[in-house]
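Novice: Contents of run.txt (compact mmCIF, C-alpha atoms and all ligand atoms) are given next:
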```
# COMPACT_ATOMS: atom_id res chain seq x y z
CA MET A 1 10.57 -17.12 -38.47
CA ASP A 2 9.99 -13.64 -37.09
CA ILE A 3 8.37 -13.61 -33.65
CA GLN A 4 6.44 -10.47 -32.69
CA ARG A 5 3.59 -11.55 -30.43
CA ILE A 6 4.13 -13.71 -27.38
CA GLY A 7 1.39 -15.32 -25.31
CA VAL A 8 2.18 -16.15 -21.68
CA ILE A 9 -0.07 -18.59 -19.81
CA GLY A 10 -0.07 -18.24 -16.01
CA ALA A 11 0.42 -14.96 -14.13
CA GLY A 12 2.24 -16.39 -11.11
CA GLN A 13 5.81 -15.90 -9.92
CA MET A 14 7.36 -17.04 -13.22
CA GLY A 15 4.64 -15.88 -15.65
CA ASN A 16 4.77 -12.25 -14.54
CA GLY A 17 8.56 -12.23 -14.89
CA ILE A 18 8.34 -13.75 -18.37
CA ALA A 19 5.76 -11.16 -19.46
CA HIS A 20 8.01 -8.44 -17.99
CA VAL A 21 11.19 -9.41 -19.88
CA CYS A 22 9.39 -10.14 -23.18
CA ALA A 23 7.57 -6.77 -23.15
CA LEU A 24 10.76 -4.95 -22.14
CA ALA A 25 12.50 -6.51 -25.16
CA GLY A 26 9.79 -5.05 -27.43
CA TYR A 27 7.47 -8.03 -27.93
CA ASP A 28 3.69 -7.58 -27.74
CA VAL A 29 2.63 -9.77 -24.85
CA THR A 30 -0.74 -11.25 -23.95
CA LEU A 31 -0.78 -12.62 -20.42
CA THR A 32 -3.57 -14.99 -19.44
CA ASP A 33 -4.67 -16.69 -16.22
CA ILE A 34 -7.86 -18.25 -14.87
CA SER A 35 -7.99 -15.64 -12.11
CA GLN A 36 -8.52 -11.90 -12.66
CA GLU A 37 -7.00 -11.34 -9.23
CA ALA A 38 -3.81 -13.13 -10.32
CA LEU A 39 -3.65 -10.97 -13.46
CA ASP A 40 -4.10 -7.77 -11.42
CA ARG A 41 -1.41 -8.89 -8.97
CA ALA A 42 0.94 -9.71 -11.85
CA ILE A 43 0.53 -6.27 -13.44
CA ALA A 44 1.21 -4.63 -10.05
CA THR A 45 4.32 -6.81 -9.55
CA ILE A 46 5.62 -6.04 -13.05
CA GLY A 47 5.12 -2.31 -12.36
CA ARG A 48 7.06 -2.58 -9.08
CA ASN A 49 9.90 -4.58 -10.64
CA LEU A 50 10.16 -2.12 -13.56
CA ASP A 51 10.28 0.74 -11.00
CA ARG A 52 13.16 -1.06 -9.34
CA GLN A 53 14.97 -1.13 -12.69
CA VAL A 54 14.19 2.58 -13.25
CA SER A 55 15.50 3.52 -9.82
CA ARG A 56 18.77 1.64 -10.51
CA ASP A 57 19.12 3.36 -13.93
CA LYS A 58 18.77 0.06 -15.78
CA ILE A 59 15.85 1.45 -17.83
CA THR A 60 14.17 4.84 -18.28
CA GLU A 61 10.70 5.89 -17.11
CA ALA A 62 9.66 6.05 -20.81
CA GLU A 63 10.83 2.45 -21.34
CA LYS A 64 8.79 1.41 -18.31
CA THR A 65 5.67 3.07 -19.71
CA ALA A 66 6.20 1.53 -23.15
CA THR A 67 6.76 -1.91 -21.58
CA MET A 68 3.55 -1.73 -19.55
CA GLY A 69 1.72 -0.61 -22.70
CA ARG A 70 2.85 -3.75 -24.55
CA ILE A 71 1.25 -6.13 -22.01
CA ALA A 72 -2.42 -7.06 -22.45
CA THR A 73 -4.19 -9.34 -19.99
CA THR A 74 -7.09 -11.69 -20.61
CA LEU A 75 -9.03 -14.49 -18.96
CA ALA A 76 -9.70 -16.10 -22.36
CA LEU A 77 -7.14 -18.59 -23.67
CA ALA A 78 -8.58 -18.00 -27.15
CA ASP A 79 -7.06 -14.48 -27.10
CA LEU A 80 -3.65 -16.14 -27.47
CA GLY A 81 -4.67 -17.27 -30.96
CA PRO A 82 -2.67 -14.60 -32.86
CA SER A 83 0.56 -15.34 -30.94
CA ASP A 84 3.71 -16.37 -32.82
CA LEU A 85 5.08 -17.99 -29.66
CA VAL A 86 3.27 -19.21 -26.55
CA ILE A 87 5.12 -19.78 -23.28
CA GLU A 88 3.06 -21.85 -20.85
CA SER A 89 3.94 -21.13 -17.25
CA ALA A 90 0.97 -22.54 -15.35
CA THR A 91 1.04 -24.75 -12.24
CA GLU A 92 3.73 -27.41 -12.36
CA ARG A 93 1.29 -30.33 -12.76
CA GLU A 94 1.24 -32.38 -15.92
CA THR A 95 -2.55 -32.82 -16.00
CA VAL A 96 -3.05 -29.04 -15.69
CA LYS A 97 -0.61 -28.33 -18.52
CA GLN A 98 -2.13 -31.01 -20.76
CA ALA A 99 -5.64 -29.63 -20.21
CA ILE A 100 -4.43 -26.10 -21.09
CA PHE A 101 -2.79 -27.29 -24.32
CA GLU A 102 -5.93 -29.19 -25.26
CA ASP A 103 -8.06 -26.04 -24.85
CA LEU A 104 -5.51 -23.76 -26.52
CA VAL A 105 -4.45 -25.66 -29.62
CA PRO A 106 -7.70 -25.22 -31.65
CA HIS A 107 -7.26 -21.41 -31.39
CA LEU A 108 -3.63 -21.31 -32.59
CA ALA A 109 -2.38 -20.41 -36.05
CA PRO A 110 -0.49 -23.26 -37.77
CA HIS A 111 2.83 -21.41 -37.45
CA THR A 112 2.59 -20.78 -33.67
CA ILE A 113 5.42 -22.24 -31.61
CA LEU A 114 4.24 -23.76 -28.35
CA THR A 115 6.61 -23.95 -25.38
CA SER A 116 6.48 -24.78 -21.70
CA ASN A 117 8.40 -23.18 -18.85
CA THR A 118 8.19 -26.50 -17.01
CA SER A 119 11.09 -27.04 -14.63
CA SER A 120 11.08 -30.82 -14.90
CA ILE A 121 8.24 -32.45 -16.85
CA SER A 122 9.09 -34.38 -20.05
CA ILE A 123 8.88 -32.06 -23.06
CA THR A 124 8.44 -35.03 -25.41
CA ARG A 125 5.43 -36.24 -23.41
CA LEU A 126 3.83 -32.78 -23.23
CA ALA A 127 4.47 -32.30 -26.98
CA SER A 128 2.91 -35.62 -27.92
CA GLY A 129 -0.46 -34.49 -26.54
CA THR A 130 -0.55 -31.50 -28.93
CA ASP A 131 -1.08 -31.20 -32.68
CA ARG A 132 2.46 -29.82 -33.20
CA PRO A 133 5.23 -31.86 -31.51
CA GLU A 134 7.74 -30.52 -34.06
CA LYS A 135 6.87 -26.93 -33.04
CA PHE A 136 6.98 -27.66 -29.31
CA MET A 137 9.89 -27.24 -26.89
CA GLY A 138 10.96 -26.36 -23.34
CA PHE A 139 11.64 -22.66 -22.59
CA HIS A 140 12.80 -22.63 -18.98
CA PHE A 141 13.44 -19.33 -17.18
CA MET A 142 15.09 -18.95 -13.77
CA ASN A 143 13.63 -17.02 -10.82
CA PRO A 144 13.73 -13.99 -10.50
CA VAL A 145 13.24 -13.82 -14.25
CA PRO A 146 14.23 -10.14 -14.75
CA VAL A 147 17.56 -10.75 -12.99
CA MET A 148 18.69 -14.25 -13.95
CA GLN A 149 20.78 -14.49 -17.10
CA LEU A 150 20.00 -18.08 -18.07
CA VAL A 151 17.25 -19.69 -20.12
CA GLU A 152 17.34 -23.45 -20.62
CA LEU A 153 16.14 -24.52 -24.08
CA ILE A 154 14.98 -28.12 -24.22
CA ARG A 155 14.28 -29.96 -27.45
CA GLY A 156 11.72 -32.75 -27.37
CA ILE A 157 12.46 -35.78 -29.52
CA ALA A 158 10.39 -34.28 -32.39
CA THR A 159 11.36 -30.57 -32.11
CA ASP A 160 12.54 -29.28 -35.50
CA ALA A 161 15.51 -27.00 -36.16
CA PRO A 162 13.51 -23.86 -37.22
CA THR A 163 11.58 -24.02 -33.92
CA PHE A 164 14.79 -24.25 -31.90
CA ASP A 165 16.40 -21.42 -33.91
CA ALA A 166 13.36 -19.15 -33.43
CA CYS A 167 13.38 -19.72 -29.65
CA LYS A 168 17.12 -19.16 -29.49
CA ALA A 169 16.63 -15.83 -31.33
CA VAL A 170 14.06 -14.80 -28.72
CA VAL A 171 16.48 -15.61 -25.88
CA ASP A 172 19.13 -13.48 -27.64
CA ARG A 173 16.70 -10.56 -28.04
CA LEU A 174 15.83 -10.78 -24.33
CA GLY A 175 19.54 -10.22 -23.68
CA LYS A 176 19.75 -13.59 -21.94
CA THR A 177 21.93 -16.64 -22.56
CA ALA A 178 20.61 -20.04 -23.63
CA ALA A 179 21.89 -23.37 -22.34
CA THR A 180 20.70 -26.32 -24.40
CA SER A 181 19.55 -29.38 -22.51
CA GLU A 182 18.43 -32.78 -23.68
CA ASP A 183 14.96 -33.83 -22.54
CA PHE A 184 15.72 -35.88 -19.42
CA PRO A 185 14.17 -35.40 -15.96
CA ALA A 186 14.70 -31.89 -14.54
CA PHE A 187 17.07 -30.94 -17.40
CA ILE A 188 20.41 -29.38 -16.25
CA VAL A 189 19.89 -26.69 -13.60
CA ASN A 190 17.33 -28.53 -11.49
CA ARG A 191 19.05 -31.92 -11.93
CA ILE A 192 21.96 -30.42 -9.99
CA LEU A 193 20.39 -27.65 -7.87
CA ILE A 194 17.38 -29.45 -6.36
CA PRO A 195 19.29 -32.54 -5.11
CA MET A 196 21.70 -30.08 -3.47
CA ILE A 197 18.75 -28.41 -1.73
CA ASN A 198 17.36 -31.85 -0.78
CA GLU A 199 20.76 -32.73 0.71
CA ALA A 200 20.67 -29.50 2.73
CA VAL A 201 17.28 -30.59 4.11
CA TYR A 202 18.80 -34.01 5.02
CA THR A 203 21.65 -32.15 6.73
CA LEU A 204 19.03 -30.34 8.81
CA TYR A 205 16.92 -33.51 9.35
CA GLU A 206 19.93 -35.46 10.64
CA GLY A 207 20.88 -32.64 13.00
CA VAL A 208 24.22 -31.90 11.38
CA GLY A 209 23.43 -28.18 11.38
CA SER A 210 20.66 -25.68 12.07
CA VAL A 211 18.87 -23.72 9.33
CA ALA A 212 21.07 -20.69 10.06
CA SER A 213 24.35 -22.63 10.09
CA ILE A 214 23.57 -24.57 6.89
CA ASP A 215 22.72 -21.38 4.99
CA MET A 216 25.68 -19.47 6.37
CA ALA A 217 28.01 -22.36 5.51
CA LEU A 218 27.05 -22.35 1.84
CA LYS A 219 26.89 -18.56 1.55
CA LEU A 220 30.28 -17.92 3.08
CA GLY A 221 31.89 -21.28 2.29
CA ALA A 222 30.87 -21.64 -1.33
CA ASN A 223 29.97 -18.04 -2.27
CA HIS A 224 26.34 -18.85 -3.03
CA PRO A 225 24.16 -15.69 -3.10
CA MET A 226 21.54 -17.47 -0.96
CA GLY A 227 21.87 -20.45 1.37
CA PRO A 228 20.16 -23.64 0.11
CA LEU A 229 17.27 -23.47 2.59
CA GLU A 230 16.67 -19.78 1.89
CA LEU A 231 16.74 -20.64 -1.81
CA ALA A 232 14.31 -23.54 -1.26
CA ASP A 233 11.87 -21.10 0.39
CA PHE A 234 12.39 -18.72 -2.54
CA ILE A 235 11.66 -21.42 -5.18
CA GLY A 236 8.78 -22.92 -3.15
CA LEU A 237 9.06 -26.15 -1.16
CA ASP A 238 6.20 -27.74 -3.13
CA THR A 239 8.13 -27.10 -6.36
CA CYS A 240 11.34 -28.53 -4.83
CA LEU A 241 9.46 -31.66 -3.71
CA ALA A 242 7.73 -32.04 -7.09
CA ILE A 243 11.11 -31.88 -8.86
CA MET A 244 12.66 -34.47 -6.49
CA ASN A 245 9.71 -36.76 -7.24
CA VAL A 246 10.20 -36.30 -10.99
CA LEU A 247 13.90 -37.23 -10.58
CA HIS A 248 13.09 -40.18 -8.30
CA ASP A 249 10.37 -41.55 -10.58
CA GLY A 250 12.04 -40.70 -13.89
CA LEU A 251 15.53 -41.99 -13.07
CA ALA A 252 14.46 -44.76 -10.65
CA ASP A 253 17.50 -44.15 -8.45
CA THR A 254 17.20 -44.00 -4.64
CA LYS A 255 19.80 -41.24 -4.50
CA TYR A 256 16.96 -38.90 -5.50
CA ARG A 257 14.62 -39.83 -2.62
CA PRO A 258 12.98 -36.68 -1.22
CA CYS A 259 13.91 -35.93 2.38
CA PRO A 260 10.98 -36.77 4.72
CA LEU A 261 11.42 -33.36 6.37
CA LEU A 262 10.85 -31.63 3.01
CA THR A 263 7.66 -33.67 2.59
CA LYS A 264 6.54 -32.70 6.12
CA TYR A 265 6.96 -28.97 5.45
CA VAL A 266 4.90 -29.32 2.27
CA GLU A 267 2.22 -31.33 4.12
CA ALA A 268 2.05 -28.52 6.68
CA GLY A 269 1.46 -25.99 3.89
CA TRP A 270 4.74 -24.29 4.87
CA LEU A 271 5.78 -23.77 1.26
CA GLY A 272 8.30 -20.95 1.75
CA ARG A 273 8.04 -17.24 1.03
CA LYS A 274 4.80 -17.47 -0.91
CA THR A 275 2.88 -18.81 2.13
CA GLY A 276 4.81 -16.75 4.71
CA ARG A 277 6.52 -19.76 6.27
CA GLY A 278 9.01 -22.45 5.25
CA PHE A 279 12.48 -23.04 6.63
CA TYR A 280 12.10 -19.41 7.73
CA ASP A 281 9.08 -17.58 9.12
CA TYR A 282 8.58 -14.41 7.01
CA ARG A 283 5.64 -12.98 8.92
CA GLY A 284 7.69 -10.59 11.06
CA GLU A 285 10.19 -7.85 10.22
CA GLU A 286 13.09 -10.27 9.68
CA PRO A 287 12.97 -13.93 8.54
CA VAL A 288 13.32 -16.25 11.57
CA PRO A 289 14.48 -19.89 11.17
CA THR A 290 11.71 -22.39 11.93
CA ARG A 291 14.17 -25.06 13.19
N1 LIG A 301 12.80 -7.79 -10.82
C1 LIG A 301 13.71 -6.89 -11.20
N2 LIG A 301 14.89 -6.69 -10.57
C2 LIG A 301 15.12 -7.43 -9.46
C3 LIG A 301 14.20 -8.39 -8.98
C4 LIG A 301 13.00 -8.55 -9.72
N3 LIG A 301 12.09 -9.46 -9.36
N4 LIG A 301 14.73 -8.97 -7.87
C5 LIG A 301 15.93 -8.41 -7.66
N5 LIG A 301 16.17 -7.49 -8.63
C6 LIG A 301 17.39 -6.75 -8.86
C7 LIG A 301 17.64 -5.67 -7.85
O1 LIG A 301 17.02 -4.49 -8.22
C8 LIG A 301 19.16 -5.57 -7.90
O2 LIG A 301 19.55 -4.83 -9.05
P1 LIG A 301 21.04 -4.15 -9.19
O3 LIG A 301 22.02 -5.27 -9.32
O4 LIG A 301 20.91 -3.34 -10.42
O5 LIG A 301 21.24 -3.35 -7.94
C9 LIG A 301 19.61 -7.00 -8.10
O6 LIG A 301 18.48 -7.67 -8.69
C10 LIG A 301 19.99 -7.66 -6.81
O7 LIG A 301 18.89 -7.58 -5.91
P2 LIG A 301 19.00 -7.17 -4.36
O8 LIG A 301 20.18 -6.26 -4.14
O9 LIG A 301 17.65 -6.76 -3.90
O10 LIG A 301 19.21 -8.53 -3.64
P3 LIG A 301 20.40 -9.53 -3.66
O11 LIG A 301 21.69 -8.92 -4.03
O12 LIG A 301 20.24 -10.25 -2.38
O13 LIG A 301 20.04 -10.50 -4.87
C11 LIG A 301 18.97 -12.33 -5.89
C12 LIG A 301 18.81 -11.14 -4.97
C13 LIG A 301 19.28 -11.86 -7.31
C14 LIG A 301 17.61 -13.05 -5.89
C15 LIG A 301 20.14 -13.24 -5.34
O14 LIG A 301 19.94 -13.53 -4.00
C16 LIG A 301 20.28 -14.53 -6.11
O15 LIG A 301 20.85 -14.58 -7.17
N6 LIG A 301 19.75 -15.64 -5.53
C17 LIG A 301 19.77 -16.95 -6.14
C18 LIG A 301 18.70 -17.04 -7.17
C19 LIG A 301 18.68 -18.38 -7.84
O16 LIG A 301 19.46 -19.28 -7.61
N7 LIG A 301 17.69 -18.54 -8.75
C20 LIG A 301 17.48 -19.77 -9.43
C21 LIG A 301 16.43 -20.54 -8.73
S1 LIG A 301 16.19 -22.08 -9.52
C22 LIG A 301 15.08 -21.75 -10.70
O17 LIG A 301 14.56 -20.71 -10.86
C23 LIG A 301 14.75 -22.92 -11.55
C24 LIG A 301 13.57 -23.68 -11.16
O18 LIG A 301 12.93 -24.18 -12.04
C25 LIG A 301 13.20 -23.97 -9.76
```
Can I see the file as structure tokens?
Specialist:
Amino acid sequence: MDIQRIGVIGAGQMGNGIAHVCALAGYDVTLTDISQEALDRAIATIGRNLDRQVSRDKITEAEKTATMGRIATTLALADLGPSDLVIESATERETVKQAIFEDLVPHLAPHTILTSNTSSISITRLASGTDRPEKFMGFHFMNPVPVMQLVELIRGIATDAPTFDACKAVVDRLGKTAATSEDFPAFIVNRILIPMINEAVYTLYEGVGSVASIDMALKLGANHPMGPLELADFIGLDTCLAIMNVLHDGLADTKYRPCPLLTKYVEAGWLGRKTGRGFYDYRGEEPVPTR
């Protein structure tokens, strides 16, 4: 099936990146959110990130203008009706996603493929609450979306082959690479990455190293572009905790227990970069470790 129009639900950190790369690849994009302010912020962010690509000669000024022209924003979910593919990228809470699908589905054409950018929730369970489990799958981008090469494609138990093939063709047209994952908690990337981050928090909690020494150790000792605590702040500590809980509950193995220190940061509202404070304090000129 030929996909031309893509609907993106949620204009946050991931949603704006998804709209950016889809529009840059030539798709007509409709971006929706419940907040006009979030939509305005997303358009401004996309503009800034495209400028960054122009200034590094990755794209031309004309491509930037054309890309911005292919993105429409709306507060009405119903405006996603004509989409060939919908990528849901709302808050990582199952009840929120289910409510969105319930509102959206009556507006969709029968051929529309419905996907979720969820980083850990069961695709099969999300699909079963819709009218089209065979046309439903996981479409998981990495942050920052315009830079990261990978997309995880996750088939639910009912996903049919044409749906998978159509999504794979979209990943190819975005110039990205697909990794296929079975539908088990947190899929591949987060099954491995988030427990590593959780272990870094335990390393801090037990006093083995400071924030600075843990991050330096992994950057210089394992060639990671960011240390694990810096990366946790980048992803969002609430998201890291939510994924640990999905692993802990879904696999019923104590090796996935979230570190109490991670829970404490989230309880404090110190969620990382997005709130100005996490394992680092971002409110000054330079990030300063908070422990
Ligand atoms: N949009 C467009 N371009 C961007 C960008 C954005 N949002 N952010 C960075 N860039 C570009 C820069 O312009 C630069 O381009 P060139 O290579 O052409 O010069 C390039 O990306 C590198 O950026 P910087 O030089 O500013 O910074 P850096 O070298 O420190 O790299 C980084 C930044 C790419 C984020 C790097 O630190 C990195 O790869 N970090 C790890 C990211 C990671 O692990 N992401 C996965 C998180 S897990 C996830 O997403 C799954 C989940 O569900 C939780």
Novice: Name all residues at most 7 Å from segment 83-87 of chain A (count only C-alpha atoms; drop same-chain ones fewer than 6 positions away) and give them as a ChimeraX atom specification.
Specialist: /A:3-9,111-117
Novice: Which residue, A:Met14, A:Val208, A:Ala42, A:Val96, has the smallest gap to ligand LIG 301 (chain A) when you use all atoms listed in the file?
Specialist: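 Of A:Met14, A:Val208, A:Ala42, A:Val96, the one nearest ligand LIG 301 (chain A), counting all atoms listed in the file, is A:Met14.
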Novice: Go through A:Ala212, A:Ile188, A:Ala44, A:Ile194 one by one, measure the shortest atom-to-atom distance of each to Arg257 of chain A using all atoms listed in the file, and give the residue with the smallest value.
Specialist: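 Using all atoms listed in the file, the shortest distance to Arg257 of chain A belongs to A:Ile194.
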Novice: Please write out the residues within 8 Å of ligand LIG 301 (chain A) as a ChimeraX atom specification, counting only C-alpha atoms and all ligand atoms.
Specialist: /A:17,46,48-50,52-53,56-58,118-120,140-148,189-190,193-194,224-226,231,234-235,239-240
Novice: For Gly15 of chain A, which residue among A:Gly129, A:Phe139, A:His107, A:Leu241 is the nearest when counting all atoms listed in the file?
Specialist: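 When distances to Gly15 of chain A are compared using all atoms listed in the file, the smallest one comes from A:Phe139.
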